[in-house]
$ cat final.csv   # CSV, C-alpha atoms
chain,number,residue,atom,x,y,z
J,1,MET,CA,0.0,0.0,0.0
J,2,SER,CA,1.3,3.5,-0.7
J,3,GLU,CA,1.9,5.8,2.1
J,4,LEU,CA,-0.7,8.3,0.7
J,5,ALA,CA,-3.3,5.5,0.8
J,6,THR,CA,-2.6,4.9,4.5
J,7,TYR,CA,-3.2,8.5,5.3
J,8,ILE,CA,-6.4,8.6,3.2
J,9,GLN,CA,-7.6,5.6,5.2
J,10,LEU,CA,-6.6,7.3,8.4
J,11,GLY,CA,-8.7,10.4,7.5
J,12,PHE,CA,-11.6,8.3,6.3
J,13,ARG,CA,-11.7,6.2,9.5
J,14,HIS,CA,-11.4,9.3,11.6
J,15,ILE,CA,-14.8,10.5,10.3
J,16,VAL,CA,-16.7,7.2,9.6
J,17,ASN,CA,-16.5,6.2,13.2
J,18,ALA,CA,-18.7,6.4,16.3
J,19,GLU,CA,-16.0,8.4,18.0
J,20,ALA,CA,-16.4,11.1,15.4
J,21,LEU,CA,-19.8,12.0,16.8
J,22,ASP,CA,-19.2,15.7,16.9
J,23,HIS,CA,-18.2,15.9,13.2
J,24,ILE,CA,-21.1,13.6,12.2
J,25,LEU,CA,-23.6,15.6,14.1
J,26,PHE,CA,-22.5,18.8,12.5
J,27,LEU,CA,-22.9,17.2,9.0
J,28,LEU,CA,-26.4,16.0,10.0
J,29,ALA,CA,-27.4,19.4,11.2
J,30,LEU,CA,-26.1,20.9,7.9
J,31,ALA,CA,-27.9,18.3,5.8
J,32,ALA,CA,-31.2,18.2,7.8
J,33,ILE,CA,-32.9,21.0,5.9
J,34,TYR,CA,-32.2,19.8,2.4
J,35,ARG,CA,-34.4,17.8,0.0
J,36,VAL,CA,-33.1,15.8,-3.0
J,37,ARG,CA,-33.9,18.7,-5.3
J,38,ASP,CA,-31.8,21.1,-3.2
J,39,TRP,CA,-28.6,19.1,-4.0
J,40,ARG,CA,-26.9,22.1,-5.5
J,41,GLU,CA,-27.5,24.2,-2.4
J,42,SER,CA,-26.3,21.5,-0.1
J,43,LEU,CA,-23.2,20.9,-2.3
J,44,TRP,CA,-22.3,24.6,-1.9
J,45,VAL,CA,-22.6,24.4,1.9
J,46,VAL,CA,-20.6,21.2,2.2
J,47,THR,CA,-17.9,22.6,-0.1
J,48,ALA,CA,-17.7,25.8,2.0
J,49,PHE,CA,-17.3,23.6,5.1
J,50,THR,CA,-14.6,21.6,3.4
J,51,VAL,CA,-12.7,24.8,2.3
J,52,GLY,CA,-12.9,26.2,5.8
J,53,HIS,CA,-11.6,23.1,7.6
J,54,SER,CA,-8.9,22.6,5.0
J,55,ILE,CA,-7.6,26.1,5.6
J,56,THR,CA,-7.2,25.7,9.3
J,57,LEU,CA,-6.1,22.1,9.1
J,58,ALA,CA,-3.2,23.2,6.8
J,59,LEU,CA,-2.3,26.3,8.9
J,60,ALA,CA,-2.3,24.4,12.2
J,61,ALA,CA,-0.7,21.2,11.0
J,62,THR,CA,2.2,23.2,9.4
J,63,GLY,CA,2.6,25.2,12.6
J,64,VAL,CA,1.8,28.5,11.0
J,65,LEU,CA,-1.0,29.1,13.5
J,66,ALA,CA,-1.4,27.5,16.9
J,67,PHE,CA,-5.0,27.2,18.3
J,68,PRO,CA,-5.9,26.8,21.9
J,69,MET,CA,-7.4,23.3,21.9
J,70,ARG,CA,-9.4,23.9,25.0
J,71,TRP,CA,-11.4,26.5,23.2
J,72,ILE,CA,-11.5,24.7,19.9
J,73,GLU,CA,-13.0,21.7,21.6
J,74,PHE,CA,-15.6,23.8,23.1
J,75,LEU,CA,-16.4,25.8,20.0
J,76,ILE,CA,-16.9,22.7,17.9
J,77,PRO,CA,-20.1,21.7,19.6
J,78,ALA,CA,-21.0,25.4,19.7
J,79,THR,CA,-21.0,25.4,15.9
J,80,ILE,CA,-23.2,22.3,16.0
J,81,LEU,CA,-25.7,24.0,18.4
J,82,ALA,CA,-25.7,27.1,16.2
J,83,THR,CA,-26.5,25.2,13.1
J,84,SER,CA,-29.2,23.2,14.8
J,85,ALA,CA,-30.7,26.4,16.3
J,86,GLU,CA,-30.7,28.1,12.9
J,87,ASN,CA,-32.5,25.1,11.6
J,88,LEU,CA,-35.2,25.3,14.3
J,89,ILE,CA,-35.6,29.1,14.4
J,90,ALA,CA,-35.9,29.3,10.6
J,91,TYR,CA,-37.9,26.1,10.1
J,92,ALA,CA,-40.4,28.0,8.1
J,93,ARG,CA,-37.8,28.4,5.4
J,94,GLU,CA,-39.3,25.6,3.4
J,95,THR,CA,-41.9,28.1,2.2
J,96,ALA,CA,-39.1,30.0,0.6
J,97,PRO,CA,-38.2,29.1,-3.0
J,98,ARG,CA,-34.7,28.1,-2.0
J,99,PRO,CA,-33.0,27.4,1.3
J,100,ARG,CA,-31.0,30.3,2.6
J,101,ARG,CA,-27.7,30.9,0.8
J,102,TYR,CA,-26.0,32.5,3.8
J,103,ARG,CA,-25.6,28.9,5.2
J,104,ALA,CA,-22.6,28.4,3.0
J,105,ILE,CA,-20.8,31.3,4.7
J,106,PHE,CA,-21.6,30.0,8.1
J,107,ALA,CA,-20.5,26.5,7.0
J,108,GLY,CA,-17.2,27.9,5.8
J,109,LEU,CA,-16.6,29.8,9.1
J,110,PHE,CA,-17.6,26.8,11.2
J,111,GLY,CA,-15.3,24.7,9.1
J,112,LEU,CA,-12.4,26.8,10.2
J,113,ILE,CA,-13.1,25.7,13.8
J,114,HIS,CA,-13.5,22.0,12.9
J,115,GLY,CA,-10.2,22.0,10.9
J,116,ALA,CA,-8.3,23.4,13.9
J,117,GLY,CA,-9.7,20.5,15.9
J,118,PHE,CA,-8.2,17.9,13.5
J,119,ALA,CA,-4.9,19.5,13.1
J,120,THR,CA,-3.3,19.4,16.5
J,121,TYR,CA,-3.0,15.6,16.7
J,122,LEU,CA,-1.7,15.4,13.1
J,123,GLN,CA,0.9,18.1,13.7
J,124,SER,CA,2.1,16.4,16.9
J,125,LEU,CA,2.6,13.0,15.4
J,126,PHE,CA,4.0,13.9,12.0
J,127,LEU,CA,5.7,17.2,12.9
J,128,ASP,CA,8.8,16.6,10.7
J,129,ARG,CA,7.0,15.3,7.6
J,130,ILE,CA,3.6,16.8,7.5
J,131,ALA,CA,2.8,17.4,3.8
J,132,LEU,CA,1.8,13.9,2.7
J,133,PRO,CA,0.0,13.0,5.9
J,134,LEU,CA,-1.9,16.3,5.8
J,135,PHE,CA,-2.9,15.9,2.2
J,136,GLY,CA,-3.9,12.2,2.5
J,137,PHE,CA,-5.7,12.8,5.8
J,138,ASN,CA,-7.7,15.7,4.3
J,139,VAL,CA,-8.7,13.6,1.2
J,140,GLY,CA,-9.8,10.8,3.6
J,141,ILE,CA,-11.8,13.3,5.6
J,142,GLU,CA,-13.6,14.5,2.5
J,143,MET,CA,-14.4,10.9,1.4
J,144,GLY,CA,-15.7,10.1,4.9
J,145,GLN,CA,-17.9,13.2,4.8
J,146,ILE,CA,-19.4,12.2,1.5
J,147,VAL,CA,-20.2,8.8,2.8
J,148,VAL,CA,-21.9,10.3,5.9
J,149,LEU,CA,-23.8,12.8,3.9
J,150,LEU,CA,-25.0,10.3,1.3
J,151,THR,CA,-26.1,8.0,4.2
J,152,ALA,CA,-27.9,10.8,5.9
J,153,GLY,CA,-29.5,11.9,2.7
J,154,ALA,CA,-30.8,8.4,2.1
J,155,ALA,CA,-32.0,8.1,5.7
J,156,PHE,CA,-33.8,11.5,5.5
J,157,THR,CA,-35.5,10.6,2.2
J,158,ALA,CA,-36.6,7.3,3.7
J,159,LEU,CA,-37.9,9.1,6.8
J,160,ASP,CA,-39.8,11.5,4.7
J,161,ALA,CA,-41.4,8.7,2.7
J,162,LEU,CA,-42.3,6.9,5.9
J,163,VAL,CA,-44.0,10.0,7.3
J,164,ARG,CA,-46.0,10.5,4.1
J,165,ARG,CA,-47.2,6.9,4.2
J,166,THR,CA,-48.7,7.4,7.7
J,167,GLY,CA,-51.3,9.5,5.9
J,168,SER,CA,-51.1,12.2,8.5
J,169,PRO,CA,-49.4,15.0,6.6
J,170,ARG,CA,-51.3,18.2,6.3
J,171,SER,CA,-49.2,19.4,3.5
J,172,GLU,CA,-46.4,18.3,1.1
J,173,LEU,CA,-44.0,20.0,3.4
J,174,PHE,CA,-45.0,18.3,6.6
J,175,PRO,CA,-42.3,15.5,6.4
J,176,LEU,CA,-39.6,18.0,5.8
J,177,ARG,CA,-40.7,20.2,8.7
J,178,LEU,CA,-40.9,17.1,11.0
J,179,ARG,CA,-37.5,16.0,9.9
J,180,VAL,CA,-35.9,19.4,10.4
J,181,ILE,CA,-37.3,19.8,13.9
J,182,GLY,CA,-36.6,16.2,15.0
J,183,VAL,CA,-33.0,16.0,13.7
J,184,SER,CA,-32.1,19.5,14.8
J,185,ALA,CA,-33.5,19.0,18.3
J,186,VAL,CA,-31.7,15.8,18.8
J,187,VAL,CA,-28.4,17.1,17.4
J,188,ALA,CA,-28.8,20.3,19.6
J,189,LEU,CA,-29.2,18.2,22.7
J,190,PHE,CA,-25.9,16.3,21.9
J,191,ALA,CA,-24.2,19.6,21.3
J,192,VAL,CA,-25.3,21.2,24.5
J,193,ARG,CA,-24.1,18.1,26.4
J,194,MET,CA,-20.7,18.3,24.6
J,195,MET,CA,-20.4,22.0,25.4
J,196,TYR,CA,-21.0,21.3,29.0
J,197,GLN,CA,-18.4,18.5,29.1
J,198,ARG,CA,-15.8,20.6,27.3
J,199,ASN,CA,-16.4,23.8,29.2
J,200,PRO,CA,-13.1,25.7,29.1
J,201,PHE,CA,-13.9,28.1,32.0
W,1,MET,CA,-51.3,21.2,11.3
W,2,THR,CA,-52.2,20.9,15.0
W,3,ALA,CA,-52.0,17.2,15.0
W,4,GLY,CA,-48.6,17.4,13.2
W,5,PHE,CA,-47.1,19.7,15.9
W,6,GLY,CA,-48.6,17.4,18.6
W,7,LEU,CA,-46.7,14.6,17.0
W,8,ASN,CA,-43.6,16.8,17.0
W,9,ARG,CA,-44.0,17.6,20.7
W,10,VAL,CA,-44.3,13.9,21.6
W,11,LEU,CA,-41.4,13.0,19.5
W,12,ARG,CA,-39.2,15.7,20.9
W,13,ARG,CA,-40.1,15.0,24.5
W,14,THR,CA,-39.5,11.2,24.1
W,15,VAL,CA,-36.1,11.8,22.4
W,16,THR,CA,-35.1,14.3,25.0
W,17,ALA,CA,-35.9,12.0,27.9
W,18,LEU,CA,-34.0,9.2,26.3
W,19,MET,CA,-31.0,11.3,25.5
W,20,LEU,CA,-30.8,12.7,29.1
W,21,LEU,CA,-30.9,9.2,30.4
W,22,MET,CA,-28.5,7.6,28.0
W,23,LEU,CA,-25.9,10.2,27.0
W,24,PRO,CA,-22.4,9.0,27.8
W,25,ALA,CA,-19.6,11.4,28.4
W,26,TRP,CA,-18.4,12.3,25.0
W,27,ARG,CA,-15.0,13.9,25.0
W,28,ALA,CA,-13.3,15.6,22.2
W,29,HIS,CA,-12.5,13.6,19.1
W,30,PRO,CA,-8.9,12.5,19.4
W,31,LEU,CA,-6.9,10.9,16.7
W,32,HIS,CA,-6.0,7.4,18.0
W,33,THR,CA,-3.1,6.5,15.9
W,34,THR,CA,0.6,5.6,16.1
W,35,PHE,CA,3.2,5.8,13.4
W,36,THR,CA,6.1,3.3,13.2
W,37,GLU,CA,9.0,3.5,10.8
W,38,LEU,CA,11.2,0.5,10.0
W,39,THR,CA,14.5,1.1,8.2
W,40,ALA,CA,16.6,-1.8,7.1
W,41,GLN,CA,20.3,-1.3,7.1
W,42,SER,CA,22.8,-3.2,5.0
W,43,SER,CA,24.2,-4.8,8.1
W,44,GLY,CA,20.9,-6.7,8.5
W,45,ILE,CA,19.8,-4.7,11.4
W,46,VAL,CA,16.3,-3.1,11.3
W,47,THR,CA,15.8,0.1,13.2
W,48,ILE,CA,12.2,0.6,14.5
W,49,THR,CA,10.9,3.9,15.7
W,50,VAL,CA,7.4,4.1,17.2
W,51,ARG,CA,5.8,7.4,17.5
W,52,LEU,CA,2.8,7.5,19.9
W,53,PHE,CA,1.0,9.9,22.1
W,54,THR,CA,2.6,9.8,25.6
W,55,GLU,CA,-0.7,10.2,27.3
W,56,ASP,CA,-2.0,7.0,25.5
W,57,LEU,CA,1.2,5.2,26.3
W,58,ALA,CA,0.9,6.1,30.0
W,59,VAL,CA,-2.6,4.6,30.1
W,60,ALA,CA,-1.5,1.4,28.3
W,61,ILE,CA,1.5,0.9,30.5
W,62,SER,CA,-0.5,1.5,33.6
W,63,LYS,CA,-3.0,-1.1,32.5
W,64,ARG,CA,-0.3,-3.6,31.7
W,65,SER,CA,2.0,-3.1,34.6
W,66,GLY,CA,-0.4,-2.2,37.4
W,67,ARG,CA,1.6,0.9,38.2
W,68,THR,CA,0.2,4.3,37.7
W,69,PHE,CA,1.4,6.6,34.9
W,70,ALA,CA,-0.7,9.5,33.7
W,71,GLY,CA,-0.6,12.5,31.4
W,72,ARG,CA,1.6,13.8,28.6
W,73,ASP,CA,4.5,14.3,31.1
W,74,ALA,CA,4.5,10.8,32.4
W,75,ILE,CA,8.0,9.3,32.8
W,76,ILE,CA,7.8,5.7,31.4
W,77,PRO,CA,10.6,3.4,32.4
W,78,ASP,CA,12.4,1.9,29.4
W,79,SER,CA,11.9,-1.7,30.7
W,80,LEU,CA,8.1,-1.2,30.8
W,81,ALA,CA,8.0,0.5,27.4
W,82,LEU,CA,10.0,-2.4,25.9
W,83,ASP,CA,7.8,-5.0,27.6
W,84,TYR,CA,4.7,-3.3,26.2
W,85,LEU,CA,6.1,-3.0,22.7
W,86,ARG,CA,7.1,-6.7,22.7
W,87,ALA,CA,3.6,-7.6,23.6
W,88,HIS,CA,2.0,-5.4,20.9
W,89,PHE,CA,4.5,-5.2,18.0
W,90,ALA,CA,6.1,-8.1,16.3
W,91,LEU,CA,8.5,-8.4,13.4
W,92,GLY,CA,9.1,-11.8,11.9
W,93,ALA,CA,11.7,-13.0,9.5
W,94,HIS,CA,10.6,-14.3,6.1
W,95,GLY,CA,8.9,-17.6,6.8
W,96,GLY,CA,10.6,-17.9,10.1
W,97,HIS,CA,10.9,-16.9,13.7
W,98,PRO,CA,10.0,-13.6,15.3
W,99,ALA,CA,12.9,-11.2,15.6
W,100,GLN,CA,14.0,-10.3,19.1
W,101,LEU,CA,13.3,-6.6,19.7
W,102,ARG,CA,16.1,-4.7,21.5
W,103,TRP,CA,15.6,-1.4,23.2
W,104,SER,CA,17.6,1.6,21.8
W,105,GLY,CA,16.0,4.5,23.7
W,106,GLN,CA,13.3,7.0,23.9
W,107,ARG,CA,12.8,10.7,23.4
W,108,ARG,CA,9.8,13.0,23.3
W,109,THR,CA,8.4,16.2,22.0
W,110,ALA,CA,5.5,18.1,23.6
W,111,ASP,CA,3.1,15.2,23.7
W,112,VAL,CA,4.6,12.5,21.5
W,113,SER,CA,7.1,9.8,22.5
W,114,PHE,CA,9.5,8.3,20.1
W,115,LEU,CA,10.5,4.8,21.2
W,116,THR,CA,13.4,3.3,19.3
W,117,LEU,CA,14.1,-0.4,19.0
W,118,SER,CA,16.3,-2.6,16.8
W,119,ALA,CA,16.2,-6.2,15.6
W,120,ASP,CA,18.4,-8.5,13.6
W,121,LEU,CA,16.9,-9.5,10.3
W,122,PRO,CA,19.7,-10.7,8.1
W,123,ALA,CA,17.4,-11.5,5.2
W,124,GLY,CA,16.1,-8.0,5.2
W,125,LEU,CA,12.5,-6.8,5.3
W,126,ALA,CA,11.3,-8.2,2.0
W,127,GLY,CA,8.9,-11.0,2.9
W,128,ALA,CA,9.0,-10.2,6.6
W,129,THR,CA,5.8,-10.3,8.7
W,130,LEU,CA,4.5,-7.4,10.8
W,131,ALA,CA,1.9,-7.2,13.6
W,132,ASP,CA,1.0,-4.0,15.3
W,133,SER,CA,-1.7,-3.8,17.9
W,134,ILE,CA,-0.3,-0.9,19.9
W,135,HIS,CA,-3.1,0.7,21.9
W,136,CYS,CA,-5.7,-1.5,20.2
W,137,GLU,CA,-6.6,-2.8,23.7
W,138,LEU,CA,-7.5,0.8,24.6
W,139,PHE,CA,-9.4,2.2,21.7
W,140,ASP,CA,-11.9,0.7,19.3
W,141,ASP,CA,-10.8,3.2,16.6
W,142,GLN,CA,-7.1,2.7,17.0
W,143,VAL,CA,-5.3,2.9,13.6
W,144,ASN,CA,-1.6,2.1,13.5
W,145,ILE,CA,0.5,3.1,10.5
W,146,VAL,CA,3.7,1.3,9.7
W,147,LYS,CA,6.2,2.5,7.1
W,148,ALA,CA,9.0,0.3,6.0
W,149,THR,CA,12.0,1.4,4.0
W,150,TYR,CA,14.2,-1.3,2.5
W,151,ALA,CA,16.0,-2.2,-0.7
W,152,GLY,CA,15.4,1.2,-2.2
W,153,ARG,CA,11.6,1.1,-1.7
W,154,SER,CA,9.0,2.2,0.7
W,155,GLU,CA,5.9,0.3,1.8
W,156,SER,CA,3.2,1.3,4.2
W,157,MET,CA,0.7,-0.8,6.1
W,158,LEU,CA,-2.3,0.0,8.3
W,159,PHE,CA,-3.3,-2.0,11.3
W,160,THR,CA,-6.5,-1.9,13.3
W,161,ARG,CA,-7.9,-3.9,16.1
W,162,GLY,CA,-8.0,-7.6,15.4
W,163,ASP,CA,-5.9,-7.4,12.2
W,164,PRO,CA,-3.7,-10.5,11.6
W,165,PRO,CA,0.1,-10.2,10.9
W,166,LYS,CA,0.8,-8.8,7.4
W,167,THR,CA,3.6,-9.6,5.1
W,168,LEU,CA,5.8,-7.0,3.4
W,169,PRO,CA,6.2,-7.5,-0.3

$ encode --input "final.csv" --output "structure tokens"
Amino acid sequence: MSELATYIQLGFRHIVNAEALDHILFLLALAAIYRVRDWRESLWVVTAFTVGHSITLALAATGVLAFPMRWIEFLIPATILATSAENLIAYARETAPRPRRYRAIFAGLFGLIHGAGFATYLQSLFLDRIALPLFGFNVGIEMGQIVVLLTAGAAFTALDALVRRTGSPRSELFPLRLRVIGVSAVVALFAVRMMYQRNPF
Amino acid sequence: MTAGFGLNRVLRRTVTALMLLMLPAWRAHPLHTTFTELTAQSSGIVTITVRLFTEDLAVAISKRSGRTFAGRDAIIPDSLALDYLRAHFALGAHGGHPAQLRWSGQRRTADVSFLTLSADLPAGLAGATLADSIHCELFDDQVNIVKATYAGRSESMLFTRGDPPKTLP
């Protein structure tokens, strides 16, 4: 196996893993509001998140910037909570022609925080030879995110279909509304718990 | 719409109650990995350098030895580190016996320890078998990377919990 392939696997396993709950929850919160027909919008948001965390991952892993991990670990669930809260507060968004485009900006900013979280461990272990591990790890992270998002998309679509089959929907948008509220509320609970556990004060 | 929001309320309250009862203590998302480099010298000696997080090593050694070591500043005695590595890392000659691992020393940076070993492998690393279960007894998501440099080439392997020994090409 090539060395690059091992780092890609390392990144992939880092995300597709029960221990990666914080990252997975953030992806779920991001994806919760989208329907299949919104795929372009969701792609922008995920791309912005990727760009954000790639920037800080590179800056921190190469030692250009040092981030206070105590705060980063606290801020990661804060970004999850903020995303979930935005979902819940603006749950009437489905009446708009398109989901809100500002989410891409938020996703990019929040990605900066998540990238700083990844970087410290990588920088510590591969301090003298960071370029290849950094690149491979990042590619693996992206592949893992795609798998998580595709799985979440399939699960959300199935959930919507299940709700429709109950015969209770009052409108075409009911399953989406129920999903946004349900997923965001659960994810927000996890995030609050994590923030409490990682309290830096 | 009223019935719909009633359903939402029930769903949310049920999930909330379950979560509050069942939530474990999730900590930050650490990278559970080690990185080991093997370099074959023309003399038939293989140098092995294991990079691992000192904090994880301290937990592993404590568990194995029954003594208490903790934190990134833990001072791990060489004998205990060697004993642990012999239990969790193995290098076997092509089709033959496991090589005896000898202690060469340790050094550390802020939170990473570099443990160096050597072993006699006259036939070189081609066809040698490797097993690496370092910290796999601690973490379900442990991923160990091994990079071997020999005969002008470089090969990498990845080990996770339960992996059998692997053979270098």

$ closest_residue --input "final.csv" --among "W:Ile45, W:Val59, W:Leu138, W:Ile145" --to "Phe159 (chain W)" --atoms "all atoms listed in the file"
W:Ile145

$ closest_residue --input "final.csv" --among "J:Ala185, J:Ile141, J:Leu132, J:Leu176" --to "Ala158 (chain J)" --atoms "all atoms listed in the file"
J:Leu176

$ closest_residue --input "final.csv" --among "W:Arg161, W:Arg86, W:Lys63, W:Arg102" --to "Asp120 (chain W)" --atoms "all atoms listed in the file"
W:Arg102

$ interface_residues --input "final.csv" --of "chain J" --to "chain W" --cutoff "6 Å" --atoms "only C-alpha atoms" --output "MDAnalysis selection string"
chainID J and resid 1:3 20 170

$ atom_distance --input "final.csv" --atom1 "CA of Val50 (chain W)" --atom2 "CA of His135 (chain W)"
12.0 Å

$ closest_residue --input "final.csv" --among "W:Ala60, W:Ala74, W:Leu117, W:Ala126" --to "Gly105 (chain W)" --atoms "all atoms listed in the file"
W:Leu117

$ atom_distance --input "final.csv" --atom1 "CA of Gly124 (chain W)" --atom2 "CA of Thr6 (chain J)"
22.7 Å

$ atom_distance --input "final.csv" --atom1 "CA of Thr149 (chain W)" --atom2 "CA of Asn138 (chain J)"
24.3 Å

$ build_atoms --input "final.csv" --residues "region 17-45 of chain J" --atoms "N, CA and C atoms" --output "CSV table (one decimal), keeping the file's coordinate frame"
chain,number,residue,atom,x,y,z
J,17,ASN,N,-16.8,6.8,12.0
J,17,ASN,CA,-16.5,6.2,13.2
J,17,ASN,C,-17.4,6.8,14.3
J,18,ALA,N,-17.8,5.9,15.2
J,18,ALA,CA,-18.7,6.4,16.3
J,18,ALA,C,-18.0,7.4,17.2
J,19,GLU,N,-16.7,7.4,17.2
J,19,GLU,CA,-16.0,8.4,18.0
J,19,GLU,C,-16.0,9.8,17.4
J,20,ALA,N,-16.4,9.8,16.1
J,20,ALA,CA,-16.4,11.1,15.4
J,20,ALA,C,-17.8,11.8,15.5
J,21,LEU,N,-18.4,11.5,16.6
J,21,LEU,CA,-19.8,12.0,16.8
J,21,LEU,C,-20.0,13.5,16.6
J,22,ASP,N,-19.0,14.3,17.0
J,22,ASP,CA,-19.2,15.7,16.9
J,22,ASP,C,-19.2,16.2,15.4
J,23,HIS,N,-18.3,15.6,14.7
J,23,HIS,CA,-18.2,15.9,13.2
J,23,HIS,C,-19.5,15.4,12.5
J,24,ILE,N,-19.9,14.2,12.8
J,24,ILE,CA,-21.1,13.6,12.2
J,24,ILE,C,-22.3,14.4,12.5
J,25,LEU,N,-22.4,14.8,13.7
J,25,LEU,CA,-23.6,15.6,14.1
J,25,LEU,C,-23.7,16.9,13.4
J,26,PHE,N,-22.5,17.6,13.2
J,26,PHE,CA,-22.5,18.8,12.5
J,26,PHE,C,-23.0,18.6,11.0
J,27,LEU,N,-22.5,17.5,10.4
J,27,LEU,CA,-22.9,17.2,9.0
J,27,LEU,C,-24.4,16.9,9.0
J,28,LEU,N,-24.9,16.2,10.0
J,28,LEU,CA,-26.4,16.0,10.0
J,28,LEU,C,-27.2,17.3,10.2
J,29,ALA,N,-26.7,18.2,11.0
J,29,ALA,CA,-27.4,19.4,11.2
J,29,ALA,C,-27.4,20.2,9.9
J,30,LEU,N,-26.2,20.2,9.2
J,30,LEU,CA,-26.1,20.9,7.9
J,30,LEU,C,-27.1,20.3,6.9
J,31,ALA,N,-27.2,19.0,6.9
J,31,ALA,CA,-27.9,18.3,5.8
J,31,ALA,C,-29.4,18.3,6.1
J,32,ALA,N,-29.8,18.5,7.4
J,32,ALA,CA,-31.2,18.2,7.8
J,32,ALA,C,-32.3,19.0,7.0
J,33,ILE,N,-31.9,20.2,6.5
J,33,ILE,CA,-32.9,21.0,5.9
J,33,ILE,C,-33.1,20.7,4.4
J,34,TYR,N,-32.2,19.9,3.8
J,34,TYR,CA,-32.2,19.8,2.4
J,34,TYR,C,-33.1,18.6,1.9
J,35,ARG,N,-33.7,18.8,0.7
J,35,ARG,CA,-34.4,17.8,0.0
J,35,ARG,C,-33.5,17.4,-1.2
J,36,VAL,N,-33.9,16.3,-1.8
J,36,VAL,CA,-33.1,15.8,-3.0
J,36,VAL,C,-32.9,16.9,-4.0
J,37,ARG,N,-34.0,17.7,-4.2
J,37,ARG,CA,-33.9,18.7,-5.3
J,37,ARG,C,-33.1,19.9,-4.9
J,38,ASP,N,-32.7,20.0,-3.6
J,38,ASP,CA,-31.8,21.1,-3.2
J,38,ASP,C,-30.3,20.7,-3.2
J,39,TRP,N,-30.0,19.7,-4.0
J,39,TRP,CA,-28.6,19.1,-4.0
J,39,TRP,C,-27.6,20.2,-4.3
J,40,ARG,N,-27.9,21.1,-5.2
J,40,ARG,CA,-26.9,22.1,-5.5
J,40,ARG,C,-26.6,23.0,-4.3
J,41,GLU,N,-27.6,23.4,-3.7
J,41,GLU,CA,-27.5,24.2,-2.4
J,41,GLU,C,-26.6,23.5,-1.4
J,42,SER,N,-27.0,22.2,-1.2
J,42,SER,CA,-26.3,21.5,-0.1
J,42,SER,C,-24.8,21.2,-0.5
J,43,LEU,N,-24.6,21.1,-1.8
J,43,LEU,CA,-23.2,20.9,-2.3
J,43,LEU,C,-22.4,22.2,-2.0
J,44,TRP,N,-22.9,23.4,-2.2
J,44,TRP,CA,-22.3,24.6,-1.9
J,44,TRP,C,-21.9,24.7,-0.4
J,45,VAL,N,-22.9,24.3,0.4
J,45,VAL,CA,-22.6,24.4,1.9
J,45,VAL,C,-21.5,23.4,2.3
